[in-house]
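Novice: Please find input_32.cif (mmCIF, C-alpha atoms) on the next line:
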data_input
#
loop_
_atom_site.label_atom_id
_atom_site.label_comp_id
_atom_site.auth_asym_id
_atom_site.auth_seq_id
_atom_site.Cartn_x
_atom_site.Cartn_y
_atom_site.Cartn_z
CA MET J 55 113.36 57.58 99.22
CA ALA J 56 113.61 58.87 95.68
CA PHE J 57 116.20 61.33 97.00
CA PHE J 58 118.40 58.46 98.29
CA LEU J 59 117.98 56.60 95.02
CA LEU J 60 118.99 59.70 93.08
CA ILE J 61 122.13 60.13 95.20
CA TYR J 62 122.87 56.42 94.71
CA VAL J 63 122.52 56.74 90.94
CA PHE J 64 124.85 59.77 90.87
CA ILE J 65 127.47 57.98 92.99
CA CYS J 66 127.19 54.92 90.75
CA ILE J 67 127.70 57.11 87.66
CA TYR J 68 130.82 58.65 89.28
CA TRP J 69 132.09 55.16 90.16
CA PHE J 70 131.42 53.89 86.63
CA VAL J 71 133.10 56.85 84.88
CA ARG J 72 136.18 56.58 87.09
CA SER J 73 136.41 52.81 86.57
CA VAL J 74 136.08 53.18 82.80
CA LEU J 75 138.76 55.91 82.76
CA LEU J 76 141.11 53.69 84.77
CA THR J 77 140.46 50.81 82.41
CA VAL J 78 141.18 53.02 79.39
CA ILE J 79 144.41 54.35 80.94
CA ILE J 80 145.59 50.85 81.84
CA PHE J 81 144.82 49.64 78.33
CA LYS J 82 146.56 52.61 76.75
CA HIS J 83 149.75 52.09 78.76
CA ARG J 84 149.59 48.32 79.10
CA PHE J 85 152.75 46.25 78.90
CA PRO J 86 153.22 43.01 76.99
CA GLY J 87 151.72 40.07 78.86
CA ARG J 88 148.32 38.87 79.99
CA GLU J 89 148.24 39.91 83.63
CA VAL J 90 146.44 43.16 82.78
CA ILE J 91 143.60 41.18 81.21
CA TYR J 92 143.26 39.01 84.34
CA GLY J 93 143.26 42.11 86.57
CA LEU J 94 140.56 43.83 84.53
CA ILE J 95 138.41 40.69 84.38
CA ALA J 96 138.70 40.30 88.17
CA PHE J 97 137.76 43.92 88.81
CA TRP J 98 134.80 44.10 86.47
CA SER J 99 133.46 40.66 87.48
CA TRP J 100 133.59 41.53 91.19
CA SER J 101 132.01 44.93 90.52
CA PHE J 102 129.16 43.41 88.54
CA ILE J 103 128.60 40.80 91.27
CA ILE J 104 128.22 43.64 93.80
CA LEU J 105 125.94 45.60 91.46
CA PHE J 106 123.86 42.49 90.73
CA ALA J 107 123.58 41.70 94.46
CA SER J 108 122.56 45.30 95.16
CA PHE J 109 119.99 45.16 92.37
CA MET J 110 118.55 41.92 93.75
CA LEU J 111 118.44 43.28 97.31
CA ILE J 112 116.88 46.55 96.18
CA SER J 113 114.31 44.67 94.07
CA ALA J 114 113.45 42.48 97.06
CA ALA J 115 112.75 45.55 99.17
CA ASP J 116 109.22 46.71 99.65
CA TRP J 117 109.30 50.34 98.58
CA LYS J 118 105.72 51.05 99.58
CA THR J 119 105.69 49.92 103.21
CA VAL J 120 105.28 52.39 106.00
CA PRO J 121 108.82 53.35 106.91
CA ASP J 122 109.58 51.93 110.34
CA PHE J 123 113.01 53.41 109.90
CA MET J 124 111.51 56.89 109.81
CA LYS J 125 109.45 56.07 112.89
CA VAL J 126 112.62 55.20 114.73
CA LEU J 127 114.10 58.50 113.69
CA GLY J 128 110.96 60.23 114.92
CA GLY J 129 109.47 60.81 111.47
CA MET Z 299 151.78 50.87 74.52
CA GLN Z 300 151.84 49.62 70.97
CA GLY Z 301 152.85 46.05 70.16
CA ASN Z 302 155.59 44.61 72.34
CA LYS Z 303 157.11 47.92 73.39
CA TYR Z 304 157.39 48.89 77.03
CA PHE Z 305 158.01 52.62 76.44
CA GLU Z 306 157.49 54.97 73.51
CA SER Z 307 161.15 55.57 72.61
CA GLN Z 308 162.07 51.88 72.68
CA GLY Z 309 163.79 50.90 69.41
CA ASP Z 310 162.48 48.09 67.25
CA ASN Z 311 165.62 46.00 67.73
CA GLU Z 312 166.11 46.89 71.37
CA GLU Z 313 166.15 43.84 73.58
CA VAL Z 314 164.44 44.01 76.97
CA ILE Z 315 166.84 42.51 79.53
CA LEU Z 316 165.06 43.18 82.79
CA VAL Z 317 161.61 44.37 83.85
CA ILE Z 318 161.66 45.55 87.45
CA ARG Z 319 158.30 45.68 89.16
CA ARG Z 320 157.62 46.77 92.69
CA TYR Z 321 157.50 43.90 95.16
CA PHE Z 322 153.94 43.11 96.29
CA LEU Z 323 154.76 44.27 99.83
CA GLY Z 324 154.86 47.78 98.31
CA ILE Z 325 151.06 47.74 98.22
CA PHE Z 326 150.65 45.54 101.28
CA GLN Z 327 149.38 48.36 103.54
CA GLU Z 328 146.73 49.41 101.02
CA MET Z 329 145.60 45.81 100.52
CA ILE Z 330 145.35 45.23 104.28
CA PHE Z 331 143.33 48.44 104.53
CA ALA Z 332 140.99 47.22 101.77
CA VAL Z 333 140.53 43.77 103.36
CA ILE Z 334 139.83 45.36 106.78
CA SER Z 335 137.34 47.71 105.09
CA PHE Z 336 135.51 44.75 103.51
CA ILE Z 337 135.38 42.98 106.87
CA LEU Z 338 134.21 46.15 108.67
CA ILE Z 339 131.43 46.68 106.12
CA PHE Z 340 130.09 43.17 106.73
CA VAL Z 341 130.56 43.42 110.51
CA PHE Z 342 128.82 46.81 110.61
CA PHE Z 343 125.76 45.72 108.63
CA GLY Z 344 125.71 42.38 110.45
CA ALA Z 345 125.75 44.21 113.78
CA VAL Z 346 122.95 46.52 112.64
CA ALA Z 347 120.87 43.49 111.59
CA VAL Z 348 121.47 41.69 114.91
CA PHE Z 349 121.35 44.54 117.45
CA PHE Z 350 119.08 47.05 115.72
CA PRO Z 351 116.74 44.93 113.56
CA ILE Z 352 114.24 47.76 113.44
CA LEU Z 353 116.75 49.83 111.46
CA ILE Z 354 116.65 47.36 108.58
CA GLN Z 355 112.91 47.39 108.18
CA GLY Z 356 111.03 49.42 105.62
CA TYR Z 357 113.11 52.27 104.21
CA GLY Z 358 115.92 51.45 106.59
CA TYR Z 359 116.53 48.24 104.67
CA ASN Z 360 116.62 50.10 101.38
CA ILE Z 361 119.04 52.70 102.68
CA CYS Z 362 121.26 49.95 104.16
CA VAL Z 363 121.35 48.16 100.79
CA LEU Z 364 122.29 51.33 98.93
CA LEU Z 365 124.93 52.21 101.52
CA TRP Z 366 126.36 48.67 101.45
CA SER Z 367 126.51 48.76 97.65
CA ILE Z 368 128.28 52.14 97.56
CA LEU Z 369 130.85 51.12 100.17
CA MET Z 370 131.58 47.81 98.44
CA LEU Z 371 131.93 49.49 95.04
CA PHE Z 372 134.28 52.13 96.36
CA VAL Z 373 136.51 49.70 98.23
CA THR Z 374 136.69 47.66 95.01
CA LEU Z 375 137.56 50.81 93.06
CA PHE Z 376 140.23 51.63 95.64
CA ILE Z 377 141.80 48.16 95.18
CA PHE Z 378 141.62 48.58 91.40
CA THR Z 379 143.32 52.00 91.58
CA VAL Z 380 146.10 50.69 93.84
CA TRP Z 381 146.64 47.67 91.58
CA SER Z 382 146.66 49.88 88.46
CA LEU Z 383 149.33 52.17 89.88
CA HIS Z 384 151.31 49.13 91.00
CA TYR Z 385 151.04 47.58 87.54
CA LEU Z 386 151.98 50.76 85.69
CA ASN Z 387 154.99 51.58 87.90
CA VAL Z 388 157.89 49.78 86.33
CA ALA Z 389 161.57 50.13 85.45
CA ILE Z 390 162.90 48.55 82.28
CA ILE Z 391 166.49 47.75 81.38
CA THR Z 392 167.13 47.14 77.71
CA ASN Z 393 170.48 46.59 76.00
CA GLU Z 394 170.57 50.37 75.28
CA HIS Z 395 168.36 52.20 77.76
CA LEU Z 396 167.18 52.35 81.30
CA ALA Z 397 163.59 53.57 81.54
CA GLU Z 398 161.59 54.34 84.64
CA ILE Z 399 157.84 54.69 84.29
CA ASP Z 400 156.34 56.35 87.33
CA GLN Z 401 152.56 56.41 87.45
CA LYS Z 402 151.94 58.85 90.29
CA GLY Z 403 148.19 59.09 89.92
CA VAL Z 404 145.43 58.18 87.54
CA PHE Z 405 146.34 61.06 85.21
CA THR Z 406 149.92 61.73 86.30
CA ARG Z 407 152.66 59.78 84.59
CA ASP Z 408 156.41 60.35 84.37
CA VAL Z 409 158.59 58.43 81.91
CA SER Z 410 162.36 58.92 82.32
CA VAL Z 411 164.63 57.27 79.80
CA MET Z 412 168.42 57.41 79.67
CA THR Z 413 171.02 55.66 77.61
CA LEU Z 414 173.25 53.29 79.51
CA ASP Z 415 176.36 55.44 78.89
CA LYS Z 416 174.85 58.09 81.23
CA LEU Z 417 174.77 55.59 84.07
CA GLN Z 418 177.55 56.35 86.56
CA ASP Z 419 176.98 54.58 89.82
CA ILE Z 420 174.54 52.05 91.28
CA SER Z 421 173.91 51.26 94.91
CA ALA Z 422 171.39 48.97 96.57
CA SER Z 423 170.07 49.36 100.10
CA GLN Z 424 167.83 47.43 102.44
CA ASP Z 425 166.68 49.41 105.46
CA GLY Z 426 164.52 47.87 108.14
CA PHE Z 427 163.25 44.54 109.35
CA PHE Z 428 160.84 43.66 106.54
CA PRO Z 429 163.20 44.55 103.66
CA ASN Z 430 165.85 42.27 105.15
CA MET Z 431 163.38 39.48 105.94
CA PHE Z 432 161.76 39.50 102.50
CA ASN Z 433 164.85 40.58 100.55
CA TYR Z 434 163.61 43.76 98.93
CA GLY Z 435 164.90 47.32 98.97
CA LYS Z 436 165.93 50.39 97.03
CA ILE Z 437 168.27 50.85 94.10
CA HIS Z 438 169.88 54.27 93.66
CA ILE Z 439 171.16 55.01 90.18
CA GLN Z 440 173.39 58.05 89.74
CA THR Z 441 173.43 59.57 86.31
CA ALA Z 442 175.93 61.77 84.51
CA GLY Z 443 175.43 65.48 83.98
CA GLU Z 444 172.19 67.22 84.81
CA LEU Z 445 170.00 64.15 84.43
CA PRO Z 446 167.98 63.36 87.56
CA ASN Z 447 169.05 60.36 89.60
CA PHE Z 448 166.85 57.28 89.57
CA VAL Z 449 165.53 55.68 92.72
CA LEU Z 450 163.76 52.36 92.31
CA GLU Z 451 161.78 51.36 95.39
CA PHE Z 452 160.47 48.00 96.58
CA VAL Z 453 162.79 46.07 94.27
CA LYS Z 454 162.97 42.35 94.94
CA ASP Z 455 166.59 41.21 95.39
CA PRO Z 456 168.09 44.72 94.97
CA HIS Z 457 171.72 43.53 95.10
CA GLY Z 458 171.14 40.94 92.39
CA VAL Z 459 169.31 43.47 90.22
CA ALA Z 460 172.09 46.05 90.72
CA LYS Z 461 174.64 43.42 89.67
CA LYS Z 462 172.59 42.60 86.58
CA ILE Z 463 172.37 46.31 85.62
CA ILE Z 464 176.15 46.64 85.98
CA GLU Z 465 176.62 43.58 83.72
CA VAL Z 466 174.26 45.02 81.10
CA THR Z 467 176.08 48.37 81.24
CA LYS Z 468 179.46 46.65 80.85
CA THR Z 469 178.16 44.73 77.84
CA TYR Z 470 176.81 47.99 76.39
CA HIS Z 471 180.18 49.75 76.84
CA GLY Z 472 181.99 46.70 75.42
CA ASN Z 473 179.77 46.66 72.33
CA ASN Z 474 180.21 50.41 71.88
CA ARG Z 475 183.99 50.08 72.12
CA ALA Z 476 183.94 47.26 69.58
CA VAL Z 477 181.82 49.37 67.21
CA GLU Z 478 184.14 52.37 67.73
CA ASN Z 479 187.23 50.23 67.09
CA GLU Z 480 185.62 48.78 63.98
CA ASP Z 481 184.77 52.31 62.76
CA ASN Z 482 188.33 53.47 63.47
CA ASN Z 483 189.76 50.45 61.65
CA ASN Z 484 187.48 51.08 58.68
CA TYR Z 485 188.45 54.76 58.71
CA ASP Z 486 192.17 53.89 58.86
CA ALA Z 487 191.76 51.33 56.07
CA GLU Z 488 189.91 53.84 53.91
CA LYS Z 489 192.54 56.48 54.65
CA ALA Z 490 195.34 54.06 53.75
CA MET Z 491 193.50 53.06 50.58
CA ASN Z 492 193.05 56.72 49.58
CA THR Z 493 196.72 57.44 50.25
CA THR Z 494 197.77 54.47 48.11
CA THR Z 495 195.40 55.49 45.33
CA SER Z 496 196.63 59.08 45.35
CA LYS Z 497 200.25 57.87 45.28
CA GLN Z 498 199.44 55.64 42.33
CA GLY Z 499 197.73 58.63 40.68
CA ASP Z 500 200.89 60.70 41.11
#
What would the structure in this file look like if it were written as C-alpha cells?
Specialist:
Amino acid sequence: MAFFLLIYVFICIYWFVRSVLLTVIIFKHRFPGREVIYGLIAFWSWSFIILFASFMLISAADWKTVPDFMKVLGG
Amino acid sequence: MQGNKYFESQGDNEEVILVIRRYFLGIFQEMIFAVISFILIFVFFGAVAVFFPILIQGYGYNICVLLWSILMLFVTLFIFTVWSLHYLNVAIITNEHLAEIDQKGVFTRDVSVMTLDKLQDISASQDGFFPNMFNYGKIHIQTAGELPNFVLEFVKDPHGVAKKIIEVTKTYHGNNRAVENEDNNNYDAEKAMNTTTSKQGD
C-alpha cells in the first residue's frame, strides 16, 4: 500500500507544480479586469475541496485490515 | 502584464477600442469532455460500489479513493488549462495598433502587433450550422508587405467586429492625414517666414 501512496504523492506533486506554473503564467500575462481572480479562486477552491475530500476518505480508511481486495485478486 | 496594458508595446496614451475574445463555444467541446469525464468518474466508482462491493473493502477502498482523487484533480487541471488558454488568447484593437496574442500552450505564446496603416483588407466568414445559429465566425485580416496575415477565430458577431475595425482604421488614417497636413502647413509657414526674413535681411 505504501507503494500506491508513494505514486499518489508523486502524482499530486506533479499536479501541484503544473497548477502553480499555470497560475504564475496567468498572473504574469493577465489582462486588466477581475475575471482572472474569479477563475483562479474557482480552480483552487475546487481543487482543495477534492484534496480535502480525498484526505478525509483516506483518513477514514482502515490501513491495517486484511486486504480483501488482494484476496479477490488472488493475493 | 503591467498596469492597465494589454500587450508590452502598448503606448501609455494608446486607447483600447476593442478587446476580442474567443466565443465560449470555442472551448465547448473541451468543457463537454470535462463534464462527461466528471460524470463517468462518479458512475464508474458508483458502479464498482454497487456491483463489486468486495472491491471497495480493505485496500481496495484505499486504492479507489486515491484513484478517484487523481482523476478528479486531473480533470480539474484540464479545465483550468483550457480556461487559461481561452483567457490568454485575445486580439486587441487600439487607436494605433492591432495586436493578436496567441497562447498556444502553457509555455508557448505568440504576440503579433501591427500598426493600423499596415492593415489592407478585412473579411468575415461564418461557415457551418453553429456559427450561423450563434453568430460567431472568423475574421481574416490581410496585412501589407511581408507581415503575416491575421486570422481571428471564434469571434462573436464577426461582421460587426470587422465593421468596427474598418471604422477604427479610417479614424486612424484620418488623424494621420490631419497630422500630416498640419505638419505640411507648419513647414510651409516656416518656409514662408524664412523667405520673408531673408528678403528683409537683403
Novice: Enter the distance from atom CA of Z:Glu328 to atom CA of Z:Gln401, in Å, rounded to one decimal.
Specialist: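 Between atom CA of Z:Glu328 and atom CA of Z:Gln401 the gap works out to 16.3 Å.
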Novice: Here's the selection I'm unsure about, the PyMOL selection byres ((chain Z) within 7 of (chain J)); applied to the file above, which residues does it give, as a ChimeraX atom specification?
Specialist: /Z:299,302,304,352-353,355-358,360,363-364,367,371,375,378,382,404
Novice: Find the distance between atom CA of Z:Phe372 and atom CA of Z:Arg407 and write it in Å to one decimal.
Specialist: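 We find that atom CA of Z:Phe372 and atom CA of Z:Arg407 lie 23.1 Å from each other.
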Novice: Report, in Å with one decimal, the straight-line distance from atom CA of Z:Tyr434 to atom CA of Z:Gln418.
Specialist: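 The value is 22.5 Å.
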Novice: Which residues would end up in the selection if the PyMOL selection byres ((chain Z and resi 314-325) around 7) were applied here, given that I need the answer as a list in words?
Specialist: Glu312, Glu313, Phe326, Gln327, Glu328, Met329, His384, Asn387, Val388, Ala389, Ile390, Ile391, Thr392, Asn393, Glu451, Phe452, Val453 and Lys454 of chain Z
Novice: Output the selection as a PDB file, in the coordinates of the input - C-alpha atoms for each residue.
Specialist:
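Printed below is result.pdb as written:
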ATOM      1  CA  GLU Z 312     166.110  46.890  71.370  1.00  0.00           C
ATOM      2  CA  GLU Z 313     166.150  43.840  73.580  1.00  0.00           C
ATOM      3  CA  PHE Z 326     150.650  45.540 101.280  1.00  0.00           C
ATOM      4  CA  GLN Z 327     149.380  48.360 103.540  1.00  0.00           C
ATOM      5  CA  GLU Z 328     146.730  49.410 101.020  1.00  0.00           C
ATOM      6  CA  MET Z 329     145.600  45.810 100.520  1.00  0.00           C
ATOM      7  CA  HIS Z 384     151.310  49.130  91.000  1.00  0.00           C
ATOM      8  CA  ASN Z 387     154.990  51.580  87.900  1.00  0.00           C
ATOM      9  CA  VAL Z 388     157.890  49.780  86.330  1.00  0.00           C
ATOM     10  CA  ALA Z 389     161.570  50.130  85.450  1.00  0.00           C
ATOM     11  CA  ILE Z 390     162.900  48.550  82.280  1.00  0.00           C
ATOM     12  CA  ILE Z 391     166.490  47.750  81.380  1.00  0.00           C
ATOM     13  CA  THR Z 392     167.130  47.140  77.710  1.00  0.00           C
ATOM     14  CA  ASN Z 393     170.480  46.590  76.000  1.00  0.00           C
ATOM     15  CA  GLU Z 451     161.780  51.360  95.390  1.00  0.00           C
ATOM     16  CA  PHE Z 452     160.470  48.000  96.580  1.00  0.00           C
ATOM     17  CA  VAL Z 453     162.790  46.070  94.270  1.00  0.00           C
ATOM     18  CA  LYS Z 454     162.970  42.350  94.940  1.00  0.00           C
TER      19      LYS Z 454
END
Novice: Would you please work out which residue, of Z:Val459, Z:Ile361, Z:Ile377, Z:Leu383, is nearest to J:Leu60 when using all atoms listed in the file?
Specialist: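 Comparing Z:Val459, Z:Ile361, Z:Ile377, Z:Leu383 against J:Leu60, the winner is Z:Ile361.
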Novice: Skipping near chain neighbours, those fewer than 5 positions away, what residues fall within 7 Å of Z:Ser423 using only C-alpha atoms, listed as a VMD selection string?
Specialist: chain Z and resid 435 to 437
Novice: Write out as a list in words each polymer residue whose atoms come within 7 Å of stretch 464-474 of chain Z, counting only C-alpha atoms; drop sequence neighbours fewer than 4 positions from it.
Specialist: Asn393, Glu394, Leu414, Ala460 and Glu478 of chain Z
Novice: Could you check the closest approach to J:Phe64 for each of Z:Leu386, Z:Ile368, Z:Leu417, Z:Leu450 and tell me which residue wins, using all atoms listed in the file?
Specialist: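 Checking each of Z:Leu386, Z:Ile368, Z:Leu417, Z:Leu450 against J:Phe64, counting all atoms listed in the file, the winner is Z:Ile368.
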Novice: I want to know what sits within 9 Å of stretch 330-336 of chain Z, based on all atoms listed in the file, with residues of the same chain fewer than 4 positions away left out; could you give that as a PyMOL selection string?
Specialist: chain Z and resi 325-326+340-341+369-370+373-374+376-377
Novice: Taking every listed atom of stretch 322-331 of chain Z and adding 4 Å to each side, what centre and edge lengths in Å (one decimal) does the axis-aligned box have, as AutoDock Vina command-line options?
Specialist:
--center_x 149.1 --center_y 46.3 --center_z 100.4 --size_x 19.5 --size_y 14.3 --size_z 16.2
Novice: Pull out stretch 385-396 of chain Z, keep N, CA and C atoms, and write it as a tab-separated table (two decimals), in the first residue's frame.
Specialist:
chain	number	residue	atom	x	y	z
Z	385	TYR	N	-8.56	32.27	-21.90
Z	385	TYR	CA	-8.44	33.62	-21.32
Z	385	TYR	C	-7.28	34.40	-21.94
Z	386	LEU	N	-6.17	33.69	-22.20
Z	386	LEU	CA	-4.97	34.38	-22.68
Z	386	LEU	C	-4.95	34.59	-24.19
Z	387	ASN	N	-5.87	33.94	-24.92
Z	387	ASN	CA	-5.97	34.16	-26.36
Z	387	ASN	C	-6.88	35.35	-26.63
Z	388	VAL	N	-6.31	36.41	-27.14
Z	388	VAL	CA	-7.12	37.62	-27.29
Z	388	VAL	C	-6.56	38.50	-28.41
Z	389	ALA	N	-7.43	39.24	-29.05
Z	389	ALA	CA	-6.98	40.23	-30.05
Z	389	ALA	C	-7.42	41.60	-29.54
Z	390	ILE	N	-6.54	42.57	-29.69
Z	390	ILE	CA	-6.83	43.90	-29.14
Z	390	ILE	C	-6.68	44.94	-30.24
Z	391	ILE	N	-7.69	45.78	-30.37
Z	391	ILE	CA	-7.62	46.89	-31.33
Z	391	ILE	C	-7.48	48.17	-30.51
Z	392	THR	N	-6.42	48.89	-30.73
Z	392	THR	CA	-6.28	50.19	-30.08
Z	392	THR	C	-6.41	51.26	-31.18
Z	393	ASN	N	-6.28	52.51	-30.81
Z	393	ASN	CA	-6.39	53.55	-31.84
Z	393	ASN	C	-5.14	53.62	-32.71
Z	394	GLU	N	-4.11	52.79	-32.42
Z	394	GLU	CA	-2.89	52.78	-33.23
Z	394	GLU	C	-2.48	51.39	-33.72
Z	395	HIS	N	-2.81	50.38	-32.94
Z	395	HIS	CA	-2.32	49.03	-33.25
Z	395	HIS	C	-3.42	47.98	-33.29
Z	396	LEU	N	-3.07	46.89	-33.93
Z	396	LEU	CA	-3.88	45.68	-33.81
Z	396	LEU	C	-2.93	44.61	-33.27
